[in-house]
2 protein chains.
Amino acid sequence: MAETQVTENYLKVVWNAREWSDGPVTVGVLATRLGLAPSSVSGAVRKLTERGLLTHAKYGDIELTDDGQRLALATVRKHRLIETFLVEYLGYTWDEVHDEAEVLEHAVSDTFADRLAAKLGEPDHDPHGDPIPRADGTVHLVEQAALDTIEPGRHVRVARVSDEDPDLLRHLAELGITIGTALEVHRRQDAIGTIDVDYNGACHILGLTAARSIRVSPN
Amino acid sequence: MAETQVTENYLKVVWNAREWSDGPVTVGVLATRLGLAPSSVSGAVRKLTERGLLTHAKYGDIELTDDGQRLALATVRKHRLIETFLVEYLGYTWDEVHDEAEVLEHAVSDTFADRLAAKLGEPDHDPHGDPIPRADGTVHLVEQAALDTIEPGRHVRVARVSDEDPDLLRHLAELGITIGTALEVHRRQDAIGTIDVDYNGACHILGLTAARSIRVSPN
DNA sequence: TCTAAGAGTTCGGTCCACCGAAAACAAGTA
DNA sequence: TACTTGTTTTCGGTGGACCGAACTCTTAGA
């Protein structure tokens, strides 16, 4: 069986793509996320399909099989546990953890992950609010809306922020936005592409890019 | 620069080979330690030589250049810090850590290693007594003798045990031998290949294999 | 000094992961 | 229906890391 790092990574990216966007997961989507040429991804997907880890309608959607999902979740679990560990134990900031975790997730054993989880108190989400899959493959998904879809006047709480752009995370930290921050959507200026939000007693302006990366839950 | 895992591993193994045995480090020695065919090692050594990380007298000895040594020590440092962490923080036993560290050493960043070292209190040796190289590339080498070279009647203290054979480590743990154990060499039975040692108030018999893997310092 | 065993190297070949270029396809538009 | 655009696939090719088989070198012993 001995799954390679590349295999784990493809499966994880398929899972992430499904988690953060709707619409079909295509070769193009994966190529963008992986930073690879479409031809490379096409070939790899064919092999993973042959190995029973993916299903792939030619020229169409790519999905995880049960086996593929199991492996993907194991990797996601490791990634998020490691991110949590880096922040909690080693004092990393939330914008520093992604790259480190991206490599480590393929290097730690299942045993390591389980012992780390126990040591961290079986956390159910990581520093960005992403849910951490359990060892048995279950994930606790809370329904959340992207901030750019919230009606003005609503009071919400930051539940989750995409961990993929360190610059965004650094910026949000400077703005005082973190997991749990309570905010009110003040005004949407769709023409300009900004959203005004109130929190900590003041009004701040966010761009759509940021708003789309922030998921909130009702306060 | 971006050094690959394979590169790091070759350099580390050259360093380890020099540390644990005298005599020249040859292609054959590396092939055995790495579990690879001699032809593979020969080719790899040629490439590493071209990259200025090794020197290699044809058909002869293999040595690290200054650059190679720097890289090797960085990897050894990571390996030993990780082993320490696994025992101290995650509760691994000393026979469980090697395989996990063998993979992780190539996955963690220098930053990770430095922060981990700080968190662990800048330890100067790992659970097997192996010295942990500092970030600046210095290593604190204490003079130690292999247990099989000690004269009967001498009182010594276990300073270090090879981490490469988990079975040996498990066995020693069962026998109550660990780093710091004070013992007296009672009798050497060279013809049989055993050494009788006294410790914890009783006499125990060790084979030469074990004795050679144990390094001691004067008590 | 010669030679044979053992150690090291060279050579051809495999597999994996990747690429660019060109062909094949899907889907919307004329 | 035919075309055009953008996506996907196929194809040939590269480089890294490995292997076994055949060849070459070193060296110890006759």
# chains A, B, ... in the order shown; residues from 1 in each chain; ligands from 1
>>> residues_around(residues="Val185 (chain A)", least_positions_apart="6", cutoff="10 Å", atoms="only C-alpha atoms (C1' of nucleotides)", output="list in words")
Leu147, Asp148, Ile150, Glu151, Pro152, Gly153, Arg154, His155, Val156, Ile195, Asp196, Val197, Asp198, Tyr199, Cys203 and His204 of chain A
>>> write_last_selection(atoms="N, CA and C atoms", output="PDB file, in the first residue's frame")
ATOM      1  N   LEU A 147     -18.304  35.434   4.328  1.00  0.00           N
ATOM      2  CA  LEU A 147     -18.644  36.781   4.802  1.00  0.00           C
ATOM      3  C   LEU A 147     -19.238  37.649   3.694  1.00  0.00           C
ATOM      4  N   ASP A 148     -18.848  37.396   2.449  1.00  0.00           N
ATOM      5  CA  ASP A 148     -19.344  38.237   1.359  1.00  0.00           C
ATOM      6  C   ASP A 148     -20.790  37.927   0.975  1.00  0.00           C
ATOM      7  N   ILE A 150     -23.177  37.720   3.446  1.00  0.00           N
ATOM      8  CA  ILE A 150     -23.991  38.128   4.589  1.00  0.00           C
ATOM      9  C   ILE A 150     -24.706  39.449   4.325  1.00  0.00           C
ATOM     10  N   GLU A 151     -26.001  39.496   4.689  1.00  0.00           N
ATOM     11  CA  GLU A 151     -26.790  40.725   4.539  1.00  0.00           C
ATOM     12  C   GLU A 151     -26.300  41.791   5.511  1.00  0.00           C
ATOM     13  N   PRO A 152     -26.246  43.032   5.085  1.00  0.00           N
ATOM     14  CA  PRO A 152     -25.908  44.114   6.007  1.00  0.00           C
ATOM     15  C   PRO A 152     -26.848  44.114   7.202  1.00  0.00           C
ATOM     16  N   GLY A 153     -26.322  44.413   8.347  1.00  0.00           N
ATOM     17  CA  GLY A 153     -27.133  44.461   9.564  1.00  0.00           C
ATOM     18  C   GLY A 153     -27.020  43.214  10.407  1.00  0.00           C
ATOM     19  N   ARG A 154     -26.527  42.114   9.806  1.00  0.00           N
ATOM     20  CA  ARG A 154     -26.435  40.865  10.557  1.00  0.00           C
ATOM     21  C   ARG A 154     -25.228  40.862  11.502  1.00  0.00           C
ATOM     22  N   HIS A 155     -25.426  40.261  12.657  1.00  0.00           N
ATOM     23  CA  HIS A 155     -24.331  40.091  13.613  1.00  0.00           C
ATOM     24  C   HIS A 155     -23.801  38.668  13.490  1.00  0.00           C
ATOM     25  N   VAL A 156     -22.539  38.545  13.266  1.00  0.00           N
ATOM     26  CA  VAL A 156     -21.955  37.212  13.090  1.00  0.00           C
ATOM     27  C   VAL A 156     -20.629  37.096  13.848  1.00  0.00           C
ATOM     28  N   ILE A 195     -16.542  45.604   1.651  1.00  0.00           N
ATOM     29  CA  ILE A 195     -17.569  45.394   2.655  1.00  0.00           C
ATOM     30  C   ILE A 195     -17.121  46.104   3.919  1.00  0.00           C
ATOM     31  N   ASP A 196     -18.012  46.921   4.484  1.00  0.00           N
ATOM     32  CA  ASP A 196     -17.680  47.607   5.726  1.00  0.00           C
ATOM     33  C   ASP A 196     -18.196  46.782   6.894  1.00  0.00           C
ATOM     34  N   VAL A 197     -17.343  46.498   7.839  1.00  0.00           N
ATOM     35  CA  VAL A 197     -17.765  45.730   9.005  1.00  0.00           C
ATOM     36  C   VAL A 197     -17.405  46.468  10.300  1.00  0.00           C
ATOM     37  N   ASP A 198     -18.250  46.308  11.294  1.00  0.00           N
ATOM     38  CA  ASP A 198     -17.986  46.891  12.607  1.00  0.00           C
ATOM     39  C   ASP A 198     -17.525  45.800  13.559  1.00  0.00           C
ATOM     40  N   TYR A 199     -16.460  46.041  14.273  1.00  0.00           N
ATOM     41  CA  TYR A 199     -16.071  45.139  15.352  1.00  0.00           C
ATOM     42  C   TYR A 199     -15.111  45.871  16.262  1.00  0.00           C
ATOM     43  N   CYS A 203     -15.311  50.809  12.772  1.00  0.00           N
ATOM     44  CA  CYS A 203     -15.672  50.347  11.440  1.00  0.00           C
ATOM     45  C   CYS A 203     -14.424  50.111  10.594  1.00  0.00           C
ATOM     46  N   HIS A 204     -14.380  48.977   9.894  1.00  0.00           N
ATOM     47  CA  HIS A 204     -13.236  48.650   9.057  1.00  0.00           C
ATOM     48  C   HIS A 204     -13.720  48.266   7.672  1.00  0.00           C
TER      49      HIS A 204
END
>>> residues_around(residues="Asp95 (chain A)", least_positions_apart="6", cutoff="9 Å", atoms="only C-alpha atoms (C1' of nucleotides)", output="list in words")
Asp163, Glu164, Asp165, Pro166, Asp167, Leu168, Leu169, Arg170 and Ala173 of chain A
>>> closest_atom_pairs(of="chain C", to="chain B", cutoff="12 Å", atoms="only C-alpha atoms (C1' of nucleotides)", output="Markdown table")
| residue | atom | partner | partner_atom | distance |
| --- | --- | --- | --- | --- |
| C:DG6 | C1' | B:Gly28 | CA | 11.0 |
| C:DA7 | C1' | B:Gly28 | CA | 7.5 |
| C:DG8 | C1' | B:Tyr59 | CA | 5.5 |
| C:DT9 | C1' | B:Ser42 | CA | 7.1 |
| C:DT10 | C1' | B:Ser39 | CA | 8.8 |
| C:DC11 | C1' | B:Ser39 | CA | 10.5 |
>>> write_last_selection(atoms="N, CA and C atoms (P, O5', C5', C4', C3', O3' and C1' of nucleotides)", output="mmCIF file, in the first residue's frame")
data_model
loop_
_atom_site.group_PDB
_atom_site.id
_atom_site.type_symbol
_atom_site.label_atom_id
_atom_site.label_comp_id
_atom_site.auth_asym_id
_atom_site.auth_seq_id
_atom_site.Cartn_x
_atom_site.Cartn_y
_atom_site.Cartn_z
ATOM 1 P P DG C 6 35.795 -13.830 -1.786
ATOM 2 O "O5'" DG C 6 35.830 -12.243 -1.662
ATOM 3 C "C5'" DG C 6 36.924 -11.612 -0.993
ATOM 4 C "C4'" DG C 6 36.853 -10.139 -1.244
ATOM 5 C "C3'" DG C 6 35.440 -9.548 -1.133
ATOM 6 O "O3'" DG C 6 35.561 -8.336 -0.408
ATOM 7 C "C1'" DG C 6 36.370 -8.993 -3.225
ATOM 8 P P DA C 7 34.324 -7.510 0.117
ATOM 9 O "O5'" DA C 7 34.556 -6.086 -0.558
ATOM 10 C "C5'" DA C 7 35.861 -5.502 -0.535
ATOM 11 C "C4'" DA C 7 35.890 -4.352 -1.502
ATOM 12 C "C3'" DA C 7 34.614 -3.526 -1.514
ATOM 13 O "O3'" DA C 7 34.975 -2.160 -1.408
ATOM 14 C "C1'" DA C 7 35.154 -4.232 -3.712
ATOM 15 P P DG C 8 33.966 -0.994 -1.625
ATOM 16 O "O5'" DG C 8 34.191 -0.690 -3.172
ATOM 17 C "C5'" DG C 8 35.417 -0.108 -3.607
ATOM 18 C "C4'" DG C 8 35.277 0.392 -5.029
ATOM 19 C "C3'" DG C 8 34.122 1.371 -5.251
ATOM 20 O "O3'" DG C 8 34.652 2.493 -5.925
ATOM 21 C "C1'" DG C 8 33.950 -0.482 -6.744
ATOM 22 P P DT C 9 33.738 3.598 -6.558
ATOM 23 O "O5'" DT C 9 33.533 3.052 -8.044
ATOM 24 C "C5'" DT C 9 34.656 2.961 -8.920
ATOM 25 C "C4'" DT C 9 34.193 2.605 -10.323
ATOM 26 C "C3'" DT C 9 33.179 3.567 -10.934
ATOM 27 O "O3'" DT C 9 33.693 3.987 -12.195
ATOM 28 C "C1'" DT C 9 32.434 1.315 -11.139
ATOM 29 P P DT C 10 32.972 5.127 -13.029
ATOM 30 O "O5'" DT C 10 32.374 4.306 -14.260
ATOM 31 C "C5'" DT C 10 33.086 3.178 -14.762
ATOM 32 C "C4'" DT C 10 32.252 2.458 -15.816
ATOM 33 C "C3'" DT C 10 31.255 3.324 -16.587
ATOM 34 O "O3'" DT C 10 31.328 2.939 -17.954
ATOM 35 C "C1'" DT C 10 30.108 1.536 -15.577
ATOM 36 P P DC C 11 30.555 3.734 -19.095
ATOM 37 O "O5'" DC C 11 29.346 2.751 -19.440
ATOM 38 C "C5'" DC C 11 29.585 1.330 -19.533
ATOM 39 C "C4'" DC C 11 28.268 0.613 -19.748
ATOM 40 C "C3'" DC C 11 27.202 1.465 -20.442
ATOM 41 O "O3'" DC C 11 26.587 0.718 -21.479
ATOM 42 C "C1'" DC C 11 26.358 0.595 -18.420
#
>>> select_by_dssp(residues="region 6-218 of chain A", states="strand (DSSP E or B)", output="PyMOL selection string")
chain A and resi 54-56+62-64+125+131+145-146+155-161+182-189+194-199+202-207+214-218
>>> residues_around(residues="Val158 (chain A)", least_positions_apart="5", cutoff="10 Å", atoms="only C-alpha atoms (C1' of nucleotides)", output="MDAnalysis selection string")
chainID A and resid 128:129 144:147 177:183 214:219
>>> closest_atom_pairs(of="chain B", to="chain A", cutoff="12 Å", atoms="only C-alpha atoms", output="Markdown table")
| residue | atom | partner | partner_atom | distance |
| --- | --- | --- | --- | --- |
| B:Gln5 | CA | A:Ala107 | CA | 11.5 |
| B:Ile82 | CA | A:Val108 | CA | 11.5 |
| B:Phe85 | CA | A:Leu116 | CA | 11.4 |
| B:Leu86 | CA | A:Phe112 | CA | 8.7 |
| B:Val87 | CA | A:Arg115 | CA | 11.4 |
| B:Glu88 | CA | A:Lys119 | CA | 11.6 |
| B:Tyr89 | CA | A:Lys119 | CA | 8.1 |
| B:Leu90 | CA | A:Arg115 | CA | 6.2 |
| B:Gly91 | CA | A:Arg115 | CA | 8.3 |
| B:Tyr92 | CA | A:Arg115 | CA | 9.1 |
| B:Glu96 | CA | A:Thr111 | CA | 10.7 |
| B:Val97 | CA | A:Phe112 | CA | 10.2 |
| B:Asp99 | CA | A:Ser109 | CA | 9.7 |
| B:Glu100 | CA | A:Val108 | CA | 7.0 |
| B:Ala101 | CA | A:Val108 | CA | 9.0 |
| B:Glu102 | CA | A:Ala107 | CA | 9.5 |
| B:Val103 | CA | A:Ala107 | CA | 5.9 |
| B:Leu104 | CA | A:Ala107 | CA | 5.6 |
| B:Glu105 | CA | A:Ala107 | CA | 9.0 |
| B:His106 | CA | A:Ala107 | CA | 8.5 |
| B:Ala107 | CA | A:Leu104 | CA | 5.6 |
| B:Val108 | CA | A:Leu104 | CA | 6.7 |
| B:Ser109 | CA | A:Glu100 | CA | 7.1 |
| B:Asp110 | CA | A:Glu100 | CA | 10.5 |
| B:Thr111 | CA | A:Glu100 | CA | 9.6 |
| B:Phe112 | CA | A:Leu90 | CA | 8.0 |
| B:Ala113 | CA | A:Leu90 | CA | 10.0 |
| B:Asp114 | CA | A:Leu90 | CA | 9.8 |
| B:Arg115 | CA | A:Leu90 | CA | 6.2 |
| B:Leu116 | CA | A:Leu90 | CA | 6.6 |
| B:Ala117 | CA | A:Leu90 | CA | 9.9 |
| B:Ala118 | CA | A:Leu90 | CA | 9.0 |
| B:Lys119 | CA | A:Leu90 | CA | 7.0 |
| B:Leu120 | CA | A:Leu90 | CA | 10.1 |
>>> write_last_selection(atoms="N, CA and C atoms", output="mmCIF file, in the first residue's frame")
data_model
loop_
_atom_site.group_PDB
_atom_site.id
_atom_site.type_symbol
_atom_site.label_atom_id
_atom_site.label_comp_id
_atom_site.auth_asym_id
_atom_site.auth_seq_id
_atom_site.Cartn_x
_atom_site.Cartn_y
_atom_site.Cartn_z
ATOM 1 N N GLN B 5 15.776 15.144 0.141
ATOM 2 C CA GLN B 5 15.829 14.215 1.262
ATOM 3 C C GLN B 5 16.928 13.184 1.071
ATOM 4 N N ILE B 82 14.243 15.722 17.358
ATOM 5 C CA ILE B 82 12.943 15.087 17.176
ATOM 6 C C ILE B 82 12.821 13.873 18.099
ATOM 7 N N PHE B 85 12.122 15.124 21.490
ATOM 8 C CA PHE B 85 10.740 15.586 21.557
ATOM 9 C C PHE B 85 9.747 14.434 21.662
ATOM 10 N N LEU B 86 9.968 13.413 20.864
ATOM 11 C CA LEU B 86 9.047 12.277 20.854
ATOM 12 C C LEU B 86 8.978 11.615 22.232
ATOM 13 N N VAL B 87 10.113 11.529 22.886
ATOM 14 C CA VAL B 87 10.134 10.923 24.214
ATOM 15 C C VAL B 87 9.566 11.865 25.270
ATOM 16 N N GLU B 88 10.062 13.099 25.249
ATOM 17 C CA GLU B 88 9.688 14.055 26.302
ATOM 18 C C GLU B 88 8.228 14.482 26.219
ATOM 19 N N TYR B 89 7.790 14.767 24.986
ATOM 20 C CA TYR B 89 6.473 15.382 24.835
ATOM 21 C C TYR B 89 5.392 14.359 24.481
ATOM 22 N N LEU B 90 5.707 13.439 23.589
ATOM 23 C CA LEU B 90 4.666 12.501 23.145
ATOM 24 C C LEU B 90 4.714 11.153 23.846
ATOM 25 N N GLY B 91 5.668 10.981 24.741
ATOM 26 C CA GLY B 91 5.680 9.753 25.519
ATOM 27 C C GLY B 91 6.109 8.508 24.783
ATOM 28 N N TYR B 92 6.871 8.653 23.691
ATOM 29 C CA TYR B 92 7.420 7.482 23.014
ATOM 30 C C TYR B 92 8.464 6.837 23.929
ATOM 31 N N GLU B 96 11.126 3.344 20.098
ATOM 32 C CA GLU B 96 10.113 3.670 19.084
ATOM 33 C C GLU B 96 10.478 4.875 18.225
ATOM 34 N N VAL B 97 11.430 5.656 18.697
ATOM 35 C CA VAL B 97 11.626 6.967 18.090
ATOM 36 C C VAL B 97 12.402 6.990 16.777
ATOM 37 N N ASP B 99 12.605 5.284 13.810
ATOM 38 C CA ASP B 99 11.973 5.268 12.498
ATOM 39 C C ASP B 99 11.190 6.552 12.223
ATOM 40 N N GLU B 100 10.478 7.012 13.223
ATOM 41 C CA GLU B 100 9.708 8.247 13.062
ATOM 42 C C GLU B 100 10.652 9.422 12.781
ATOM 43 N N ALA B 101 11.726 9.506 13.544
ATOM 44 C CA ALA B 101 12.678 10.612 13.370
ATOM 45 C C ALA B 101 13.384 10.543 12.025
ATOM 46 N N GLU B 102 13.577 9.335 11.551
ATOM 47 C CA GLU B 102 14.272 9.128 10.275
ATOM 48 C C GLU B 102 13.538 9.820 9.129
ATOM 49 N N VAL B 103 12.237 9.856 9.204
ATOM 50 C CA VAL B 103 11.440 10.514 8.169
ATOM 51 C C VAL B 103 11.304 12.005 8.464
ATOM 52 N N LEU B 104 10.978 12.316 9.709
ATOM 53 C CA LEU B 104 10.724 13.705 10.088
ATOM 54 C C LEU B 104 11.940 14.610 9.924
ATOM 55 N N GLU B 105 13.108 14.061 10.123
ATOM 56 C CA GLU B 105 14.331 14.883 10.044
ATOM 57 C C GLU B 105 14.445 15.600 8.699
ATOM 58 N N HIS B 106 13.852 15.023 7.658
ATOM 59 C CA HIS B 106 13.949 15.636 6.335
ATOM 60 C C HIS B 106 12.759 16.560 6.036
ATOM 61 N N ALA B 107 11.836 16.629 6.960
ATOM 62 C CA ALA B 107 10.613 17.386 6.699
ATOM 63 C C ALA B 107 10.539 18.684 7.494
ATOM 64 N N VAL B 108 11.250 18.773 8.592
ATOM 65 C CA VAL B 108 11.141 19.985 9.412
ATOM 66 C C VAL B 108 12.113 21.058 8.931
ATOM 67 N N SER B 109 11.715 22.315 9.093
ATOM 68 C CA SER B 109 12.564 23.435 8.699
ATOM 69 C C SER B 109 13.598 23.724 9.785
ATOM 70 N N ASP B 110 14.589 24.506 9.439
ATOM 71 C CA ASP B 110 15.581 24.917 10.432
ATOM 72 C C ASP B 110 14.910 25.704 11.551
ATOM 73 N N THR B 111 13.958 26.531 11.160
ATOM 74 C CA THR B 111 13.211 27.295 12.161
ATOM 75 C C THR B 111 12.532 26.371 13.161
ATOM 76 N N PHE B 112 11.875 25.354 12.633
ATOM 77 C CA PHE B 112 11.206 24.377 13.491
ATOM 78 C C PHE B 112 12.208 23.790 14.484
ATOM 79 N N ALA B 113 13.341 23.376 13.971
ATOM 80 C CA ALA B 113 14.352 22.754 14.829
ATOM 81 C C ALA B 113 14.785 23.712 15.935
ATOM 82 N N ASP B 114 15.015 24.963 15.574
ATOM 83 C CA ASP B 114 15.490 25.925 16.570
ATOM 84 C C ASP B 114 14.433 26.188 17.635
ATOM 85 N N ARG B 115 13.189 26.326 17.194
ATOM 86 C CA ARG B 115 12.131 26.577 18.186
ATOM 87 C C ARG B 115 11.910 25.354 19.072
ATOM 88 N N LEU B 116 12.024 24.180 18.455
ATOM 89 C CA LEU B 116 11.854 22.960 19.239
ATOM 90 C C LEU B 116 12.974 22.852 20.279
ATOM 91 N N ALA B 117 14.184 23.164 19.846
ATOM 92 C CA ALA B 117 15.326 23.108 20.770
ATOM 93 C C ALA B 117 15.098 24.038 21.951
ATOM 94 N N ALA B 118 14.630 25.252 21.654
ATOM 95 C CA ALA B 118 14.386 26.221 22.724
ATOM 96 C C ALA B 118 13.340 25.677 23.691
ATOM 97 N N LYS B 119 12.269 25.134 23.116
ATOM 98 C CA LYS B 119 11.175 24.621 23.931
ATOM 99 C C LYS B 119 11.621 23.458 24.813
ATOM 100 N N LEU B 120 12.547 22.667 24.310
ATOM 101 C CA LEU B 120 13.027 21.501 25.061
ATOM 102 C C LEU B 120 14.142 21.884 26.034
#
>>> residues_around(residues="DA30 (chain D)", least_positions_apart="6", cutoff="12 Å", atoms="only C-alpha atoms (C1' of nucleotides)", output="list in words")
DT1, DC2, DT3 and DA4 of chain C
>>> closest_atom_pairs(of="chain D", to="chain A", cutoff="8 Å", atoms="only C-alpha atoms (C1' of nucleotides)", output="tab-separated table")
residue	atom	partner	partner_atom	distance
D:DT7	C1'	A:Gly28	CA	7.6
D:DT8	C1'	A:Tyr59	CA	5.7
D:DT9	C1'	A:Ser42	CA	7.1
>>> write_last_selection(atoms="N, CA, C and O atoms (P, O5', C5', C4', C3', O3' and C1' of nucleotides)", output="compact mmCIF listing (two decimals), in the first residue's frame")
# COMPACT_ATOMS: atom_id res chain seq x y z
P DT D 7 -10.03 27.58 -19.64
O5' DT D 7 -10.23 26.02 -19.44
C5' DT D 7 -11.53 25.44 -19.56
C4' DT D 7 -11.39 23.99 -19.92
C3' DT D 7 -10.35 23.21 -19.09
O3' DT D 7 -11.05 22.15 -18.46
C1' DT D 7 -10.11 22.73 -21.40
P DT D 8 -10.38 21.18 -17.43
O5' DT D 8 -9.94 19.95 -18.34
C5' DT D 8 -10.95 19.22 -19.03
C4' DT D 8 -10.30 18.19 -19.91
C3' DT D 8 -9.26 17.30 -19.21
O3' DT D 8 -9.70 15.96 -19.33
C1' DT D 8 -8.43 18.08 -21.31
P DT D 9 -8.85 14.75 -18.70
O5' DT D 9 -8.07 14.23 -19.98
C5' DT D 9 -8.81 13.81 -21.13
C4' DT D 9 -7.87 13.51 -22.27
C3' DT D 9 -6.78 12.49 -21.94
O3' DT D 9 -6.92 11.40 -22.85
C1' DT D 9 -5.85 14.42 -23.03
>>> residues_around(residues="Pro133 (chain A)", least_positions_apart="6", cutoff="12 Å", atoms="only C-alpha atoms (C1' of nucleotides)", output="PyMOL selection string")
chain A and resi 69-81+113-114+117+122-126+139-141
>>> atom_distance(atom1="CA of Leu172 (chain B)", atom2="CA of Gly207 (chain B)")
11.4 Å
>>> residues_around(residues="DT14 (chain D)", least_positions_apart="3", cutoff="12 Å", atoms="only C-alpha atoms (C1' of nucleotides)", output="PDB file with N, CA, C and O atoms (P, O5', C5', C4', C3', O3' and C1' of nucleotides), in the first residue's frame")
ATOM      1  P    DA C  17       4.758   9.070  -8.240  1.00  0.00           P
ATOM      2  O5'  DA C  17       5.099  10.513  -8.815  1.00  0.00           O
ATOM      3  C5'  DA C  17       6.178  11.229  -8.257  1.00  0.00           C
ATOM      4  C4'  DA C  17       6.540  12.378  -9.171  1.00  0.00           C
ATOM      5  C3'  DA C  17       5.362  13.230  -9.639  1.00  0.00           C
ATOM      6  O3'  DA C  17       5.584  14.561  -9.241  1.00  0.00           O
ATOM      7  C1'  DA C  17       6.805  12.694 -11.442  1.00  0.00           C
ATOM      8  P    DC C  18       4.486  15.673  -9.448  1.00  0.00           P
ATOM      9  O5'  DC C  18       4.879  16.353 -10.839  1.00  0.00           O
ATOM     10  C5'  DC C  18       5.945  17.283 -10.883  1.00  0.00           C
ATOM     11  C4'  DC C  18       6.554  17.340 -12.264  1.00  0.00           C
ATOM     12  C3'  DC C  18       5.742  18.051 -13.331  1.00  0.00           C
ATOM     13  O3'  DC C  18       5.851  19.449 -13.178  1.00  0.00           O
ATOM     14  C1'  DC C  18       7.046  16.223 -14.207  1.00  0.00           C
ATOM     15  P    DC C  19       4.875  20.423 -13.994  1.00  0.00           P
ATOM     16  O5'  DC C  19       5.561  20.502 -15.435  1.00  0.00           O
ATOM     17  C5'  DC C  19       6.902  20.979 -15.553  1.00  0.00           C
ATOM     18  C4'  DC C  19       7.336  20.822 -16.997  1.00  0.00           C
ATOM     19  C3'  DC C  19       6.384  21.463 -17.989  1.00  0.00           C
ATOM     20  O3'  DC C  19       6.870  22.738 -18.356  1.00  0.00           O
ATOM     21  C1'  DC C  19       7.018  19.237 -18.684  1.00  0.00           C
ATOM     22  P    DG C  20       5.920  23.733 -19.164  1.00  0.00           P
ATOM     23  O5'  DG C  20       6.116  23.407 -20.723  1.00  0.00           O
ATOM     24  C5'  DG C  20       7.418  23.174 -21.262  1.00  0.00           C
ATOM     25  C4'  DG C  20       7.309  22.807 -22.734  1.00  0.00           C
ATOM     26  C3'  DG C  20       6.325  23.655 -23.535  1.00  0.00           C
ATOM     27  O3'  DG C  20       6.840  23.812 -24.853  1.00  0.00           O
ATOM     28  C1'  DG C  20       5.573  21.395 -23.508  1.00  0.00           C
TER      29       DG C  20
END
>>> residues_around(residues="DG20 (chain D)", least_positions_apart="6", cutoff="10 Å", atoms="only C-alpha atoms (C1' of nucleotides)", output="list in words")
Ala37 and Ser39 of chain B; DG12 and DG13 of chain C
>>> select_by_dssp(residues="chain B", states="alpha helix (DSSP H)", output="number ranges by chain")
B: 5-20, 27-34, 38-50, 66-88, 97-104, 110-119, 166-175, 208-213
